[in-house]
Every structure is written in C-alpha cells, then in structure tokens.
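Raw contents of final.cif, mmCIF, C-alpha atoms:
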```
data_structure
loop_
_atom_site.group_PDB
_atom_site.id
_atom_site.type_symbol
_atom_site.label_atom_id
_atom_site.label_comp_id
_atom_site.auth_asym_id
_atom_site.auth_seq_id
_atom_site.Cartn_x
_atom_site.Cartn_y
_atom_site.Cartn_z
ATOM 1 C CA MET A 15 137.097 62.308 74.569
ATOM 2 C CA PRO A 16 133.568 61.499 75.716
ATOM 3 C CA SER A 17 130.928 64.025 74.723
ATOM 4 C CA LYS A 18 128.252 65.267 77.100
ATOM 5 C CA SER A 19 124.845 63.779 76.664
ATOM 6 C CA PRO A 20 122.168 66.444 75.899
ATOM 7 C CA MET A 21 119.636 64.402 77.874
ATOM 8 C CA ARG A 22 121.786 64.386 80.986
ATOM 9 C CA GLY A 23 122.359 68.148 80.684
ATOM 10 C CA ARG A 24 118.651 68.854 80.492
ATOM 11 C CA ALA A 25 117.929 66.632 83.462
ATOM 12 C CA ALA A 26 120.537 68.453 85.499
ATOM 13 C CA CYS A 27 119.042 71.816 84.551
ATOM 14 C CA ARG A 28 115.595 70.643 85.577
ATOM 15 C CA ALA A 29 116.928 69.438 88.899
ATOM 16 C CA VAL A 30 118.637 72.741 89.576
ATOM 17 C CA ALA A 31 115.496 74.675 88.612
ATOM 18 C CA LEU A 32 113.356 72.511 90.875
ATOM 19 C CA ALA A 33 115.749 72.989 93.753
ATOM 20 C CA LEU A 34 115.744 76.773 93.232
ATOM 21 C CA TRP A 35 111.968 76.838 93.081
ATOM 22 C CA LEU A 36 111.606 74.787 96.214
ATOM 23 C CA GLY A 37 114.177 76.934 97.985
ATOM 24 C CA GLY A 38 112.360 80.102 97.054
ATOM 25 C CA TRP A 39 108.987 78.707 97.987
ATOM 26 C CA ALA A 40 110.185 77.539 101.368
ATOM 27 C CA LEU A 41 111.957 80.752 102.404
ATOM 28 C CA PRO A 42 111.373 81.313 106.105
ATOM 29 C CA GLY A 43 109.589 84.534 107.001
ATOM 30 C CA THR A 44 112.386 85.974 109.080
ATOM 31 C CA ALA A 45 111.665 89.238 110.844
ATOM 32 C CA ALA A 46 114.153 92.005 110.367
ATOM 33 C CA GLN A 47 115.604 94.015 113.228
ATOM 34 C CA SER A 48 116.994 97.445 113.768
ATOM 35 C CA GLY A 49 118.541 98.987 116.861
ATOM 36 C CA SER A 50 118.791 102.385 118.494
ATOM 37 C CA ALA A 51 121.135 103.143 121.373
ATOM 38 C CA PHE A 52 120.316 105.506 124.189
ATOM 39 C CA THR A 53 121.795 106.417 127.560
ATOM 40 C CA VAL A 54 120.379 105.643 130.968
ATOM 41 C CA THR A 55 121.746 107.749 133.794
ATOM 42 C CA VAL A 56 121.163 108.443 137.455
ATOM 43 C CA THR A 57 122.932 110.325 140.216
ATOM 44 C CA LEU A 58 122.826 108.756 143.624
ATOM 45 C CA ASN A 59 122.491 111.640 146.035
ATOM 46 C CA LYS A 60 125.755 112.379 147.843
ATOM 47 C CA PRO A 61 125.386 114.339 151.077
ATOM 48 C CA ALA A 62 127.396 117.515 151.392
ATOM 49 C CA ALA A 63 129.010 116.616 154.703
ATOM 50 C CA ALA A 64 130.801 113.455 155.657
ATOM 51 C CA GLY A 65 128.967 110.952 157.782
ATOM 52 C CA THR A 66 125.507 112.055 156.801
ATOM 53 C CA GLY A 67 124.391 108.983 154.950
ATOM 54 C CA LEU A 68 120.875 108.010 155.785
ATOM 55 C CA CYS A 69 119.883 104.857 157.611
ATOM 56 C CA ARG A 70 116.450 103.595 158.346
ATOM 57 C CA SER A 71 115.127 101.365 161.041
ATOM 58 C CA ARG A 72 111.761 100.009 161.998
ATOM 59 C CA THR A 73 112.974 98.093 165.009
ATOM 60 C CA GLY A 74 114.726 100.704 167.118
ATOM 61 C CA ALA A 75 113.837 101.112 170.793
ATOM 62 C CA GLY A 76 110.820 103.326 171.232
ATOM 63 C CA THR A 77 109.910 103.422 167.592
ATOM 64 C CA PHE A 78 106.676 101.480 168.095
ATOM 65 C CA GLY A 79 106.710 100.348 164.510
ATOM 66 C CA ALA A 80 107.530 103.780 163.172
ATOM 67 C CA THR A 81 110.184 104.165 160.533
ATOM 68 C CA VAL A 82 113.057 106.225 161.877
ATOM 69 C CA THR A 83 115.563 107.844 159.572
ATOM 70 C CA VAL A 84 118.813 108.847 161.196
ATOM 71 C CA VAL A 85 122.170 110.116 160.070
ATOM 72 C CA CYS A 86 124.268 106.980 159.953
ATOM 73 C CA GLY A 87 127.381 108.540 161.438
ATOM 74 C CA THR A 88 125.815 110.537 164.265
ATOM 75 C CA GLY A 89 122.480 108.913 164.907
ATOM 76 C CA THR A 90 120.704 112.225 164.558
ATOM 77 C CA VAL A 91 117.088 111.670 163.682
ATOM 78 C CA THR A 92 116.157 113.302 160.431
ATOM 79 C CA GLY A 93 112.769 111.780 159.892
ATOM 80 C CA LEU A 94 110.132 109.784 161.637
ATOM 81 C CA GLU A 95 107.205 108.251 159.886
ATOM 82 C CA ALA A 96 104.730 106.740 162.247
ATOM 83 C CA THR A 97 102.879 103.645 161.230
ATOM 84 C CA GLY A 98 100.196 101.672 162.973
ATOM 85 C CA HIS A 99 99.273 103.649 166.065
ATOM 86 C CA GLY A 100 100.541 107.046 165.122
ATOM 87 C CA MET A 101 100.137 109.415 162.256
ATOM 88 C CA PRO A 102 102.681 111.805 160.787
ATOM 89 C CA TRP A 103 102.610 115.216 162.368
ATOM 90 C CA LEU A 104 105.186 117.346 160.657
ATOM 91 C CA PRO A 105 108.218 116.196 158.726
ATOM 92 C CA MET A 106 110.507 118.119 161.044
ATOM 93 C CA HIS A 107 113.962 117.107 162.124
ATOM 94 C CA GLY A 108 114.439 115.831 165.603
ATOM 95 C CA GLY A 109 111.623 113.343 165.382
ATOM 96 C CA ALA A 110 108.043 114.293 165.778
ATOM 97 C CA TYR A 111 104.845 112.481 165.270
ATOM 98 C CA ARG A 112 101.335 112.541 166.526
ATOM 99 C CA PHE A 113 100.454 109.736 168.824
ATOM 100 C CA LEU A 114 96.827 109.128 169.620
ATOM 101 C CA THR A 115 96.070 108.144 173.206
ATOM 102 C CA ARG A 116 93.087 107.897 175.457
ATOM 103 C CA ILE A 117 94.624 110.355 177.884
ATOM 104 C CA THR A 118 92.191 112.989 179.052
ATOM 105 C CA SER A 119 93.147 116.292 180.517
ATOM 106 C CA ASP A 120 92.053 115.050 183.931
ATOM 107 C CA GLU A 121 94.312 112.005 183.725
ATOM 108 C CA LEU A 122 97.208 114.051 182.482
ATOM 109 C CA SER A 123 97.008 116.665 185.162
ATOM 110 C CA GLY A 124 99.646 116.111 187.825
ATOM 111 C CA THR A 125 100.730 112.728 186.588
ATOM 112 C CA ILE A 126 102.874 113.640 183.632
ATOM 113 C CA ASP A 127 105.911 111.770 184.966
ATOM 114 C CA SER A 128 104.089 108.471 184.876
ATOM 115 C CA TYR A 129 103.841 108.779 181.110
ATOM 116 C CA THR A 130 107.477 109.541 180.524
ATOM 117 C CA GLY A 131 109.274 106.888 178.529
ATOM 118 C CA VAL A 132 112.559 106.552 176.729
ATOM 119 C CA GLY A 133 113.774 109.832 175.381
ATOM 120 C CA THR A 134 112.990 113.426 176.119
ATOM 121 C CA SER A 135 109.881 115.266 175.228
ATOM 122 C CA THR A 136 111.035 118.644 174.039
ATOM 123 C CA SER A 137 107.557 119.971 173.540
ATOM 124 C CA PHE A 138 104.015 118.775 173.584
ATOM 125 C CA ARG A 139 100.506 120.041 173.357
ATOM 126 C CA LEU A 140 97.163 118.679 174.283
ATOM 127 C CA ILE A 141 94.563 118.918 171.576
ATOM 128 C CA SER A 142 90.938 118.925 172.640
ATOM 129 C CA ALA A 143 88.580 118.054 169.880
ATOM 130 C CA ALA A 144 84.867 117.396 169.995
ATOM 131 C CA GLY A 145 84.443 114.188 171.959
ATOM 132 C CA TRP A 146 88.118 113.244 172.117
ATOM 133 C CA GLU A 147 91.524 114.559 172.981
ATOM 134 C CA TYR A 148 95.037 113.709 172.014
ATOM 135 C CA VAL A 149 98.602 114.734 172.706
ATOM 136 C CA GLU A 150 101.058 115.947 170.116
ATOM 137 C CA MET A 151 104.638 115.846 171.240
ATOM 138 C CA THR A 152 108.120 116.321 169.930
ATOM 139 C CA VAL A 153 110.562 113.766 171.174
ATOM 140 C CA GLY A 154 114.321 113.788 170.899
ATOM 141 C CA TRP A 155 116.659 110.970 171.849
ATOM 142 C CA MET B 4 90.196 118.271 25.599
ATOM 143 C CA LYS B 5 89.206 114.817 26.706
ATOM 144 C CA LYS B 6 92.553 113.519 25.633
ATOM 145 C CA PHE B 7 94.274 116.252 27.614
ATOM 146 C CA LEU B 8 92.430 115.307 30.806
ATOM 147 C CA THR B 9 93.270 111.656 30.359
ATOM 148 C CA SER B 10 96.925 112.508 29.998
ATOM 149 C CA ALA B 11 96.871 114.712 33.093
ATOM 150 C CA VAL B 12 95.342 111.947 35.242
ATOM 151 C CA ALA B 13 97.886 109.469 33.969
ATOM 152 C CA ALA B 14 100.723 111.871 34.747
ATOM 153 C CA ALA B 15 99.421 112.415 38.290
ATOM 154 C CA ALA B 16 99.163 108.714 38.848
ATOM 155 C CA PHE B 17 102.680 108.263 37.595
ATOM 156 C CA LEU B 18 104.017 111.009 39.870
ATOM 157 C CA ALA B 19 102.223 109.528 42.835
ATOM 158 C CA ALA B 20 103.857 106.218 42.143
ATOM 159 C CA VAL B 21 107.385 107.563 41.847
ATOM 160 C CA ALA B 22 107.060 109.919 44.914
ATOM 161 C CA PRO B 23 105.625 107.676 47.717
ATOM 162 C CA VAL B 24 104.406 109.182 51.062
ATOM 163 C CA THR B 25 106.519 108.200 54.159
ATOM 164 C CA HIS B 26 104.324 106.329 56.769
ATOM 165 C CA ALA B 27 105.453 105.857 60.586
ATOM 166 C CA ALA B 28 105.400 102.229 61.653
ATOM 167 C CA THR B 29 105.215 100.910 65.288
ATOM 168 C CA VAL B 30 106.244 97.672 66.791
ATOM 169 C CA THR B 31 106.090 96.594 70.472
ATOM 170 C CA SER B 32 108.292 94.444 72.657
ATOM 171 C CA GLY B 33 107.308 93.356 76.169
ATOM 172 C CA PHE B 34 109.846 93.167 78.956
ATOM 173 C CA THR B 35 109.798 92.663 82.704
ATOM 174 C CA VAL B 36 110.764 95.185 85.373
ATOM 175 C CA SER B 37 111.753 93.497 88.596
ATOM 176 C CA VAL B 38 113.112 94.454 92.007
ATOM 177 C CA SER B 39 113.498 92.714 95.320
ATOM 178 C CA LEU B 40 112.819 95.133 98.180
ATOM 179 C CA VAL B 41 114.539 94.546 101.489
ATOM 180 C CA ALA B 42 112.367 96.302 104.072
ATOM 181 C CA ILE B 43 114.357 98.290 106.595
ATOM 182 C CA CYS B 44 113.843 100.456 109.654
ATOM 183 C CA THR B 45 116.672 102.758 110.632
ATOM 184 C CA ALA B 46 117.083 104.955 113.675
ATOM 185 C CA THR B 47 116.879 108.653 112.938
ATOM 186 C CA ASN B 48 117.146 110.153 116.366
ATOM 187 C CA SER B 49 117.846 113.785 116.890
ATOM 188 C CA GLY B 50 118.449 115.554 120.148
ATOM 189 C CA ALA B 51 118.970 113.967 123.524
ATOM 190 C CA THR B 52 118.438 110.264 123.753
ATOM 191 C CA THR B 53 118.855 109.825 127.465
ATOM 192 C CA VAL B 54 116.621 108.324 130.068
ATOM 193 C CA ASP B 55 117.726 110.518 132.955
ATOM 194 C CA PHE B 56 116.523 109.376 136.342
ATOM 195 C CA GLY B 57 118.014 112.506 137.871
ATOM 196 C CA THR B 58 119.088 112.522 141.489
ATOM 197 C CA TYR B 59 118.040 109.664 143.680
ATOM 198 C CA THR B 60 118.193 109.876 147.452
ATOM 199 C CA ALA B 61 118.458 106.524 149.136
ATOM 200 C CA PHE B 62 115.162 105.285 150.523
ATOM 201 C CA GLN B 63 113.178 108.040 148.920
ATOM 202 C CA THR B 64 109.531 107.114 148.776
ATOM 203 C CA ALA B 65 108.760 108.407 145.299
ATOM 204 C CA ASP B 66 109.684 106.698 142.064
ATOM 205 C CA ASN B 67 111.993 108.461 139.642
ATOM 206 C CA THR B 68 110.741 108.345 136.097
ATOM 207 C CA ASP B 69 111.833 109.622 132.729
ATOM 208 C CA SER B 70 111.252 108.804 129.099
ATOM 209 C CA VAL B 71 112.852 109.330 125.746
ATOM 210 C CA ASP B 72 111.392 109.215 122.252
ATOM 211 C CA LEU B 73 113.337 107.290 119.657
ATOM 212 C CA THR B 74 112.451 107.736 116.002
ATOM 213 C CA PHE B 75 112.796 105.320 113.155
ATOM 214 C CA GLN B 76 112.127 105.662 109.469
ATOM 215 C CA CYS B 77 110.800 102.498 107.974
ATOM 216 C CA THR B 78 109.750 101.019 104.709
ATOM 217 C CA ARG B 79 106.151 101.980 104.121
ATOM 218 C CA GLY B 80 103.490 99.552 105.171
ATOM 219 C CA LEU B 81 105.353 97.568 107.795
ATOM 220 C CA THR B 82 103.308 96.470 110.746
ATOM 221 C CA ALA B 83 103.992 97.956 114.165
ATOM 222 C CA PRO B 84 107.257 96.546 115.479
ATOM 223 C CA THR B 85 107.889 94.693 118.676
ATOM 224 C CA PHE B 86 110.684 95.589 121.054
ATOM 225 C CA SER B 87 113.423 94.157 123.164
ATOM 226 C CA PHE B 88 116.440 95.583 124.934
ATOM 227 C CA ASP B 89 120.076 94.613 125.010
ATOM 228 C CA ALA B 90 121.255 92.005 127.462
ATOM 229 C CA VAL B 91 124.632 93.681 127.874
ATOM 230 C CA ASN B 92 123.721 96.334 130.425
ATOM 231 C CA GLY B 93 120.551 94.744 131.670
ATOM 232 C CA SER B 94 117.940 92.295 130.574
ATOM 233 C CA ALA B 95 116.132 91.952 127.283
ATOM 234 C CA THR B 96 112.926 92.799 129.094
ATOM 235 C CA GLY B 97 114.256 96.244 129.960
ATOM 236 C CA HIS B 98 115.440 95.853 133.518
ATOM 237 C CA GLY B 99 118.785 97.206 134.597
ATOM 238 C CA VAL B 100 120.823 98.405 137.540
ATOM 239 C CA LEU B 101 122.601 101.726 137.932
ATOM 240 C CA ALA B 102 124.485 102.703 141.100
ATOM 241 C CA GLY B 103 122.883 99.707 142.730
ATOM 242 C CA LEU B 104 119.435 100.984 141.818
ATOM 243 C CA ASN B 105 117.050 98.790 139.902
ATOM 244 C CA TYR B 106 115.128 100.306 137.040
ATOM 245 C CA SER B 107 112.778 99.088 134.352
ATOM 246 C CA LEU B 108 112.205 100.245 130.799
ATOM 247 C CA VAL B 109 109.118 99.830 128.659
ATOM 248 C CA ALA B 110 108.948 100.623 124.944
ATOM 249 C CA THR B 111 105.671 101.507 123.263
ATOM 250 C CA ASN B 112 104.653 102.551 119.788
ATOM 251 C CA GLU B 113 103.514 106.143 119.851
ATOM 252 C CA ALA B 114 100.329 107.065 118.068
ATOM 253 C CA ASN B 115 101.951 109.784 115.985
ATOM 254 C CA THR B 116 103.358 107.461 113.371
ATOM 255 C CA THR B 117 103.594 109.343 110.101
ATOM 256 C CA THR B 118 102.575 107.381 107.062
ATOM 257 C CA GLY B 119 104.899 107.982 104.150
ATOM 258 C CA ASN B 120 103.776 109.144 100.753
ATOM 259 C CA ALA B 121 103.595 106.491 98.087
ATOM 260 C CA ALA B 122 105.893 106.714 95.133
ATOM 261 C CA THR B 123 104.347 107.925 91.907
ATOM 262 C CA ALA B 124 105.140 107.080 88.317
ATOM 263 C CA THR B 125 106.528 110.504 87.563
ATOM 264 C CA ALA B 126 109.976 111.956 87.324
ATOM 265 C CA GLY B 127 111.327 112.270 90.852
ATOM 266 C CA GLY B 128 108.175 110.704 92.272
ATOM 267 C CA VAL B 129 109.952 108.820 95.006
ATOM 268 C CA GLY B 130 107.900 108.243 98.110
ATOM 269 C CA THR B 131 108.707 109.004 101.710
ATOM 270 C CA ALA B 132 109.245 106.661 104.593
ATOM 271 C CA ASP B 133 106.913 105.823 107.423
ATOM 272 C CA VAL B 134 108.254 107.557 110.514
ATOM 273 C CA ARG B 135 107.687 105.774 113.770
ATOM 274 C CA THR B 136 108.181 107.151 117.232
ATOM 275 C CA VAL B 137 108.936 104.693 119.985
ATOM 276 C CA ARG B 138 108.706 105.935 123.549
ATOM 277 C CA VAL B 139 110.998 104.329 126.076
ATOM 278 C CA SER B 140 109.669 104.968 129.571
ATOM 279 C CA GLY B 141 111.837 104.259 132.576
ATOM 280 C CA THR B 142 110.899 103.796 136.204
ATOM 281 C CA MET B 143 113.288 103.649 139.126
ATOM 282 C CA ALA B 144 111.255 102.515 142.076
ATOM 283 C CA GLY B 145 111.501 104.341 145.368
ATOM 284 C CA GLY B 146 112.680 102.774 148.592
ATOM 285 C CA GLN B 147 115.990 101.528 147.252
ATOM 286 C CA ALA B 148 119.310 101.767 149.065
ATOM 287 C CA GLY B 149 121.655 101.973 146.078
ATOM 288 C CA THR B 150 125.336 101.122 146.083
ATOM 289 C CA CYS B 151 128.030 103.666 146.793
ATOM 290 C CA THR B 152 131.290 102.205 148.050
ATOM 291 C CA GLY B 153 133.304 104.371 150.418
ATOM 292 C CA THR B 154 132.299 107.305 152.565
ATOM 293 C CA ALA B 155 129.139 109.143 151.737
ATOM 294 C CA THR B 156 130.977 112.073 150.201
ATOM 295 C CA THR B 157 133.684 110.260 148.317
ATOM 296 C CA CYS B 158 132.029 107.047 147.279
ATOM 297 C CA ALA B 159 132.351 106.016 143.725
ATOM 298 C CA ALA B 160 129.532 105.359 141.310
ATOM 299 C CA ALA B 161 127.387 108.098 142.765
ATOM 300 C CA THR B 162 126.725 109.219 139.232
ATOM 301 C CA ALA B 163 126.298 106.361 136.891
ATOM 302 C CA SER B 164 125.199 105.862 133.343
ATOM 303 C CA HIS B 165 125.368 103.247 130.706
ATOM 304 C CA THR B 166 124.151 102.670 127.216
ATOM 305 C CA ARG B 167 121.139 100.544 126.436
ATOM 306 C CA THR B 168 119.990 99.493 122.998
ATOM 307 C CA LEU B 169 116.425 99.148 121.882
ATOM 308 C CA THR B 170 115.917 96.530 119.217
ATOM 309 C CA VAL B 171 112.849 96.840 117.051
ATOM 310 C CA THR B 172 111.666 93.762 115.239
ATOM 311 C CA TYR B 173 109.447 94.303 112.237
#
```
Kindly transcribe the structure held in the file into structure tokens.
Amino acid sequence: MPSKSPMRGRAACRAVALALWLGGWALPGTAAQSGSAFTVTVTLNKPAAAGTGLCRSRTGAGTFGATVTVVCGTGTVTGLEATGHGMPWLPMHGGAYRFLTRITSDELSGTIDSYTGVGTSTSFRLISAAGWEYVEMTVGW
Amino acid sequence: MKKFLTSAVAAAAFLAAVAPVTHAATVTSGFTVSVSLVAICTATNSGATTVDFGTYTAFQTADNTDSVDLTFQCTRGLTAPTFSFDAVNGSATGHGVLAGLNYSLVATNEANTTTGNAATATAGGVGTADVRTVRVSGTMAGGQAGTCTGTATTCAAATASHTRTLTVTY
C-alpha cells in the first residue's frame, strides 16, 4: 500500500490555492439585471356605422394638392385640408377651404360661370380686405 | 501592649492570606465577520402599470402619448441603471406595433430617487433600500393607418394590448 507523500500533498494544496486566488482576482464585473413588466394598449377607433372608414387622398381630381378625407364606402367628404395654394377655412363636413385668387369684384361680376370647375359651389362669399380681395367658397362633389 | 499589637497584625496578615479577594480576569480572541453581498434591484410597482395610448383614429394628425412610472428598490449605492426592453413584443430599443400602429418607448431615471438609510450597529438597525423611479414614456405618432381586418365595425384587433418588459441593468 503506497503512502501519500506529504510534499506532493502540499504542492497540490498550493496549486489549488493559487487557482482559487487567480479565479477570484479575475472575476468579470458582470452587471446584474432586473425586469418589470407593464402593459401597452391602444384602441383603434371603430366607426359607429358600417362603411365609414376614413380614406385620404392627395391626388384626387380637383384637390389641387389638398388632402381630402372621405368616407371610404360612400365617398362623402369629411375633411379637406388645403396645402400649397389654399388655407384651411373651417373644418366643416362637405369640404370647404379658402382659396386665394386674384379675382376682383369687377372681374367676378357677370362672369361667374367662367370660373366654375369640377363640383358644385354650395356657397361662397367675396371678402374685401384692404388692398386685396379673395373668395371663400364651400364646394361639394 | 506592644506584644498585643504585634500579634494582632500577624493575625490580620494570616487571615488575609487564607481569605483571598476574587479578581475578574479578561482575555481577548479576534475573529473575522464576513459576508458577500449580492446587489439586487427588484420591481415594487403598485397601481396601474399600463402605457395606454387611448383611442387612435386612423390618420389623426396628433401623436398619442402616455407614460407609466415603474419603481424599483435597490441595494444602496448602486449607480443609475441603464435600460432595455424585451424583444418579444417589440424591439430592445422600445419600438413596438399595436393594431398596426407603430409606437416607441423611452425609459428615463426620474430625479426623485430616494436614498436609503444606512444600517447602524444597533439592535434592529437595518437600513432601507434606495428606491428608484423609472418613467417609461410612450409615443404613438400621428398619421398612421393602423391594421383592422374586416369591415370597419367588425374588424378584429381594434383594441389591442400586449405586455412589454423593461430590463434595468445596474
């Protein structure tokens, strides 16, 4: 039965101690983490009546660059935001925006048909301001 | 008389020798007290923890925003944590999609972090934790169409929600 050598035992202990020391000294500085759950929610607006989803177009006939919002199913205009030439008048249904022209009251008088385009003007008014005039009109189509 | 005094002193000395005074003795022994502290932050939320973007109408011009405060109690002295989000219901950077609507989340350390009290060397002198508040702010940009399959009134996924997880690294 061979007996263990005390020298070999001590050497092994030293090796283990050295390995432990090196392992402890070289511990990586790992960052700890913790988590917290929470809920994210949204309700996509559902219209009350069928066929009233909203569609938008910037390229429709007569829009002149304006953004037209219509009911997808019926084509009813629910909003018209003028861009470029025009400026928003009132956010009223049916389509309405203020369009600035160089028309004077003299030019407009008696020649209204020559300025009629696509659609129907349901109402309009001529605004005379200091040094310039413009027409506000409501158009349905 | 002189002989009497001598005898009395001798008797006292004898009595002192046979009845010794008891003296208290002290001895010391050093020892080591050791602990390995694992620093931790844990979520301690109370109340609603929902980022609710409310009702979103397709193509609306305004952004929908909401925020929620999440609280954590942490080992005292930890530096301000950094944040990331789960990649299960979105991206680690906080982006996500609900009902076909893109949103983004941003987490920030609130200034009202409460510094805990240090432990004291008294009975029951345990300290208290640092309490951190992390605000998660969400933005759902306007102008989005969303996704709602079916007719406008019956389409699914009109109301949508999912769970996100904020990971704090400290």
Q. How many Å lie between CA of Ser107 in chain B and CA of Asp133 in chain B, rounded to one decimal?
A.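 Computing it gives 28.4 Å between the two atoms.
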Q | Resolved residues for the PyMOL selection byres ((chain B) within 8 of (chain A)) as a VMD selection string | A | chain B and resid 42 to 46 52 to 61 73 101 to 102 149 151 154 to 156 160 to 173
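This file, filtered with the PyMOL selection byres ((chain B and resi 114) around 10), gives the residues B:Thr111, B:Asn112, B:Glu113, B:Asn115, B:Thr116, B:Thr117, B:Arg135, B:Thr136, B:Val137.
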**Q.** Output of the PyMOL selection byres ((chain B and resi 106) around 8), listed as a PyMOL selection string
**A.** chain B and resi 98-101+104-105+107-108+141-144
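Rounded to one decimal, CA of Val85 in chain A and CA of Gly153 in chain B lie 15.8 Å from each other.
For the pair CA of Asn120 in chain B and CA of Pro84 in chain B, the separation is 19.7 Å.
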Q.
So that I can see what lies close to Phe62 in chain B, please list as a PyMOL selection string the residues with an atom at most 8 Å from it, counting all atoms listed in the file and leaving out residues fewer than 5 positions away in the same chain.
A. chain B and resi 145-148
